[in-house]
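Colleague: The structure is given below, and queries will be raised subsequently.
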Amino acid sequence: MRALLSRFGWALVALGCQGAAQRGGASAGPSVAYHQSSGYEPTAASAPRYSAIVEAVRGAGLGVSPDEALGAVAEAVAARMVRDGNGRTPSARVVQALAWQRGVSDPIPTVLAFFGQAGAVTPDLGREVSALVRSDGLTHLGVASSRDGAHEAVVVVLSQRRVRLESMPSRAAVGARLALRGSLLAGLRTPALAVTRPDGHAEETPLGEGPDFFGQLPLNARGVWQVELTAEGPSGSTVVANFPVYVEVEPPATPDEQSGGAAEAPEVVEAALLESLNAARRAAHLRPLEPLAALVAVSRAHAAEMASGHFVAHNSADGTTPGERLRRAGLQSGLSLENVGRGYSARELHDGLMASPGHRANILNPTVTHVGIGVVRESGPSGGLIVSQDFIEVAAAIDAAAAARTLVEGINRNRVARGQPAFAANATLSAAAQEAATAFFANPGRSQEDVLGAVSQRLSRESLLFRRIGVTAAFGPRLDGADRLEPLFDRDMRMLGVGVAQGDRRNAPPNSVFVVYVMAMPR
């Protein structure tokens with residue numbers, strides 16, 4: 001969510017962020033339905049401004065559609081600004097809550113707000129809205145104004161609608177099934193349902209190739225279910241809907257808090273985001289993430305590109321994907337994840353990301369070990385903060401000798417389980433395997449094939465000892481699965497040597513592990 005606030009006649013200041021029922025079906029309290037409304041009629045006070053906006057936007061060759069629910073959000077925001085007395089807009093968290101209360105399932109509403117003396121607030125809304133529609137691809141809007149006699153607030157709320165959803169209730173009973181049915185718009189494909197359950201567990205379910213989709217979510221626990229629909233497009237994966245469903249619990253009270261305060265420097269926001277995400281990980285009993293300088297550089301470069309281009313997307317303007325950006329920087333991991341978003345403060349950015357099941361799952365992924373966070377402030381009147389968070393797995397330091405012993409034990413257990421004899425250790429094979437593993441990192445110009453070929457050539461001179469030699473290897477950020485390679489289960493092979501080394505290679509995760517196995521059939 002991005003919000004823009006102006007005291008009429010002052011410079012623009014940017015605000016914003018990213019990214020129940022009783023058992024048996026008896027509903028407790030009112031429920032709204034998440035849907036896309038139409039037939040919007042602005043209030044009499046707002047109607048002239050609404051007409052001017054539509055005329056200006058259409059004159060610029062752009063199209064936006066009126067939306068009743070967004071109009072209701074605009075009314076609520078304007079009323080809060082007037083009640084505040086100083087004209088401060090509600091925080092991003094409050095605006096998101098107001099949108100959900102009125103059935104808006106579009107992610108991240110954008111708020112354009114003006115405040116000043118009653119009767120004197122006459123901003124060029126048509127120009128401002130046209131600029132936002134063009135830069136952010138916004139498609140729907142609502143307009144409202146509110147006065148208290150001395151002051152007036154004028155508010156426009158816009159959203160980008162990229163999916164057509166059938167109506168869904170905001171409350172349900174335990175045991176109900178939430179049906180998610182609709183169709184993707186604007187050339188999107190491969191929809192997926194991402195959910196954060198009441199216990200904090202996140203799960204994702206693909207919904208086919210699209211554009212039409214149907215999925216059911218069994219609501220089998222009491223609490224708040226955060227539901228998100230994602231899709232793939234030219235800019236990569238994107239969120240097209242995000243909303244909570246309250247299962248036999250009351251929605252939380254909407255906080256009375258405003259945006260504002262001193263603008264935070266990007267480096268301060270980066271540090272605060274790292275602290276917040278690690279606090280969330282500790283609360284989930286996960287190890288904190290370490291910053292990695294090379295990864296921070298990648299994140300900052302992508303944030304800078306998004307800020308200068310006024311877009312928020314995983315793919316760069318030239319189509320470069322997150323994985324390609326990492327590889328260009330010499331970073332490659334068996335697991336890499338990315339969050340991107342726009343906001344005003346560290347708190348609003350973090351809250352927005354944690355409110356999204358997909359972004360939350362990345363922050364709380366148990367496997368990643370390191371993170372790069374880049375924050376850049378947008379130029380121009382918005383002054384919003386653009387964030388890119390990149391997560392990768394980096395192997396922990398290991399005891400190579402102990403790792404080799406553990407691998408041998410695991411391999412022999414697996415061989416016995418298959419009815420095969422356990423390997424016998426052989427000092428000659430072990431020495432050759434360790435020499436090859438060490439050489440792989442000592443000489444970055446040598447490929448795995450080069451190293452393994454050298455081992456085979458060296459041991460070919462031991463023909464008096466071995467009838468046949470077999471060599472295989474495993475390379476990656478961790479040892480998981482390295483004891484289950486299929487060549488290790490050759491029944492004729494009876495002797496084994498294992499070499500383990502750890503180091504850095506280009507286009508591989510830092511601290512990667514290289515394991516060499518040398519097997520032999522004795523004479």
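We label chains A, B, ... in the order they appear in the structure tokens, count residues from 1 in each chain, and number ligands from 1 in the order shown.
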What's around Ala297 (chain A) at 12 Å? Count only C-alpha atoms, leave out sequence neighbours fewer than 3 positions away in its own chain, and write the answer as number ranges by chain.

Modeller: A: 291-294, 300-304, 325-326, 328-331, 371-375, 388-390

Colleague: Identify, on the basis of only C-alpha atoms, every residue whose closest approach to region 474-486 of chain A does not exceed 7 Å; exclude the query and any residue fewer than 6 positions from it along the same chain; express the result as a PyMOL selection string.

Modeller: chain A and resi 333-334+394-395+407+410-411+509+512-516

Colleague: Would you work out the distance separating CA of Pro322 (chain A) from CA of Asn339 (chain A), expressed in Å to one decimal?

Modeller: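 Between CA of Pro322 (chain A) and CA of Asn339 (chain A) the gap is 10.1 Å.
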
Colleague: Looking only at alpha helix (DSSP H) from DSSP on the backbone, list the matching residues of region 203-382 of chain A as a VMD selection string.

Modeller: chain A and resid 266 to 283 293 to 309 322 to 328 346 to 354 357 to 363

Colleague: If we count only C-alpha atoms, what is near Val245 (chain A) at a cut-off of 6 Å, once residues fewer than 4 positions away on the same chain are taken out, given as number ranges by chain?

Modeller: A: 170-171, 224-225

Colleague: Those residues with N, CA, C and O atoms, as a PDB file, in the first residue's frame please?

Modeller:
ATOM      1  N   SER A 170     -16.298 -13.555   4.747  1.00  0.00           N
ATOM      2  CA  SER A 170     -15.144 -13.262   5.591  1.00  0.00           C
ATOM      3  C   SER A 170     -15.157 -14.065   6.882  1.00  0.00           C
ATOM      4  O   SER A 170     -14.166 -14.077   7.607  1.00  0.00           O
ATOM      5  N   ARG A 171     -16.283 -14.732   7.172  1.00  0.00           N
ATOM      6  CA  ARG A 171     -16.390 -15.545   8.391  1.00  0.00           C
ATOM      7  C   ARG A 171     -16.906 -16.928   8.032  1.00  0.00           C
ATOM      8  O   ARG A 171     -17.609 -17.119   7.046  1.00  0.00           O
ATOM      9  N   VAL A 224      -7.668 -17.190  12.704  1.00  0.00           N
ATOM     10  CA  VAL A 224      -7.609 -16.357  11.511  1.00  0.00           C
ATOM     11  C   VAL A 224      -6.821 -17.089  10.421  1.00  0.00           C
ATOM     12  O   VAL A 224      -5.678 -17.496  10.635  1.00  0.00           O
ATOM     13  N   TRP A 225      -7.449 -17.252   9.270  1.00  0.00           N
ATOM     14  CA  TRP A 225      -6.814 -17.855   8.102  1.00  0.00           C
ATOM     15  C   TRP A 225      -6.503 -16.731   7.111  1.00  0.00           C
ATOM     16  O   TRP A 225      -7.412 -16.022   6.664  1.00  0.00           O
TER      17      TRP A 225
END

Colleague: Identify which of the residues A:Ala279, A:Val451, A:Leu349, A:Ala520 lies closest to Asn426 (chain A), counting only C-alpha atoms when measuring atom-to-atom distances.

Modeller: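 Of all the options, A:Ala520 lies closest to Asn426 (chain A).
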
Colleague: Met493 (chain A): which residues within 7 Å, counting only C-alpha atoms, same-chain residues fewer than 2 positions away excluded, as a ChimeraX atom specification?

Modeller: /A:490-491,495,519-521

Colleague: So which residues touch Arg523 (chain A) within 10 Å, counting only C-alpha atoms, skipping near sequence neighbours fewer than 5 positions away, as a list in words?

Modeller: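 Once the nearby chain positions are removed, what remains is Ser463, Leu464, Leu465, Phe466, Arg467 and Arg468 of chain A.
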
Colleague: Can those selected residues be exported to a file as a PDB file, in the first residue's frame so that it contains all heavy atoms?

Modeller:
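Output contents, as saved in again-v8.pdb:
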ATOM      1  N   SER A 463      46.092 -51.915 -10.483  1.00  0.00           N
ATOM      2  CA  SER A 463      45.351 -53.037 -11.054  1.00  0.00           C
ATOM      3  C   SER A 463      45.629 -54.356 -10.343  1.00  0.00           C
ATOM      4  O   SER A 463      44.836 -55.301 -10.432  1.00  0.00           O
ATOM      5  CB  SER A 463      45.673 -53.166 -12.551  1.00  0.00           C
ATOM      6  OG  SER A 463      47.078 -53.345 -12.724  1.00  0.00           O
ATOM      7  N   LEU A 464      46.755 -54.456  -9.626  1.00  0.00           N
ATOM      8  CA  LEU A 464      47.033 -55.681  -8.893  1.00  0.00           C
ATOM      9  C   LEU A 464      46.134 -55.818  -7.670  1.00  0.00           C
ATOM     10  O   LEU A 464      45.931 -56.921  -7.164  1.00  0.00           O
ATOM     11  CB  LEU A 464      48.516 -55.716  -8.468  1.00  0.00           C
ATOM     12  CG  LEU A 464      49.538 -55.787  -9.600  1.00  0.00           C
ATOM     13  CD1 LEU A 464      50.954 -55.757  -9.029  1.00  0.00           C
ATOM     14  CD2 LEU A 464      49.318 -57.046 -10.427  1.00  0.00           C
ATOM     15  N   LEU A 465      45.632 -54.697  -7.194  1.00  0.00           N
ATOM     16  CA  LEU A 465      44.783 -54.716  -5.995  1.00  0.00           C
ATOM     17  C   LEU A 465      43.293 -54.761  -6.332  1.00  0.00           C
ATOM     18  O   LEU A 465      42.514 -55.387  -5.617  1.00  0.00           O
ATOM     19  CB  LEU A 465      45.076 -53.486  -5.129  1.00  0.00           C
ATOM     20  CG  LEU A 465      46.494 -53.363  -4.550  1.00  0.00           C
ATOM     21  CD1 LEU A 465      46.635 -52.042  -3.811  1.00  0.00           C
ATOM     22  CD2 LEU A 465      46.785 -54.536  -3.622  1.00  0.00           C
ATOM     23  N   PHE A 466      42.904 -54.081  -7.428  1.00  0.00           N
ATOM     24  CA  PHE A 466      41.474 -53.923  -7.717  1.00  0.00           C
ATOM     25  C   PHE A 466      41.154 -54.395  -9.125  1.00  0.00           C
ATOM     26  O   PHE A 466      41.883 -54.102 -10.082  1.00  0.00           O
ATOM     27  CB  PHE A 466      41.066 -52.448  -7.569  1.00  0.00           C
ATOM     28  CG  PHE A 466      41.508 -51.823  -6.271  1.00  0.00           C
ATOM     29  CD1 PHE A 466      42.402 -50.757  -6.269  1.00  0.00           C
ATOM     30  CD2 PHE A 466      41.048 -52.295  -5.051  1.00  0.00           C
ATOM     31  CE1 PHE A 466      42.813 -50.175  -5.084  1.00  0.00           C
ATOM     32  CE2 PHE A 466      41.455 -51.720  -3.860  1.00  0.00           C
ATOM     33  CZ  PHE A 466      42.354 -50.653  -3.872  1.00  0.00           C
ATOM     34  N   ARG A 467      40.062 -55.124  -9.224  1.00  0.00           N
ATOM     35  CA  ARG A 467      39.606 -55.585 -10.531  1.00  0.00           C
ATOM     36  C   ARG A 467      38.879 -54.469 -11.275  1.00  0.00           C
ATOM     37  O   ARG A 467      38.992 -54.351 -12.497  1.00  0.00           O
ATOM     38  CB  ARG A 467      38.676 -56.773 -10.348  1.00  0.00           C
ATOM     39  CG  ARG A 467      38.143 -57.340 -11.654  1.00  0.00           C
ATOM     40  CD  ARG A 467      37.240 -58.525 -11.393  1.00  0.00           C
ATOM     41  NE  ARG A 467      37.944 -59.559 -10.635  1.00  0.00           N
ATOM     42  CZ  ARG A 467      37.357 -60.664 -10.163  1.00  0.00           C
ATOM     43  NH1 ARG A 467      36.050 -60.849 -10.339  1.00  0.00           N
ATOM     44  NH2 ARG A 467      38.054 -61.551  -9.502  1.00  0.00           N
ATOM     45  N   ARG A 468      38.105 -53.617 -10.530  1.00  0.00           N
ATOM     46  CA  ARG A 468      37.349 -52.531 -11.161  1.00  0.00           C
ATOM     47  C   ARG A 468      37.275 -51.361 -10.191  1.00  0.00           C
ATOM     48  O   ARG A 468      37.170 -51.551  -8.979  1.00  0.00           O
ATOM     49  CB  ARG A 468      35.934 -53.003 -11.536  1.00  0.00           C
ATOM     50  CG  ARG A 468      35.099 -51.965 -12.264  1.00  0.00           C
ATOM     51  CD  ARG A 468      33.962 -52.640 -13.048  1.00  0.00           C
ATOM     52  NE  ARG A 468      32.982 -53.267 -12.188  1.00  0.00           N
ATOM     53  CZ  ARG A 468      31.877 -52.649 -11.714  1.00  0.00           C
ATOM     54  NH1 ARG A 468      31.647 -51.387 -12.027  1.00  0.00           N
ATOM     55  NH2 ARG A 468      31.026 -53.304 -10.956  1.00  0.00           N
TER      56      ARG A 468
END

Colleague: Set the distance at 10 Å and use only C-alpha atoms: which residues neighbour Ser308 (chain A) once local chain neighbours fewer than 3 positions away are removed? I'd like the list as a CSV table (one decimal) with C-alpha atoms, in the first residue's frame.

Modeller:
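Saved result, part_17.csv, follows:
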chain,number,residue,atom,x,y,z
A,302,HIS,CA,17.4,-4.5,-7.6
A,303,ALA,CA,15.7,-2.1,-5.2
A,304,ALA,CA,17.5,0.8,-7.0
A,305,GLU,CA,16.2,-0.4,-10.3
A,311,PHE,CA,7.7,-0.6,-10.3
A,376,VAL,CA,16.0,2.6,-1.8
A,377,ARG,CA,13.8,5.7,-1.6
A,378,GLU,CA,11.8,6.5,-4.7
A,379,SER,CA,12.4,9.9,-6.3
A,380,GLY,CA,9.6,12.4,-6.9
A,386,ILE,CA,11.3,0.1,-2.2

Colleague: Just checking: using only C-alpha atoms, which residue out of A:Leu180, A:Val268, A:Leu496, A:Leu138 ends up closest to Phe423 (chain A)?

Modeller: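 With only C-alpha atoms as the atom set, the closest residue is A:Leu496.
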
Colleague: Could you tell me how far CA of Val387 (chain A) sits from CA of Leu289 (chain A), in Å to one decimal place?

Modeller: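 Separating CA of Leu289 (chain A) from CA of Val387 (chain A) is a distance of 17.1 Å.
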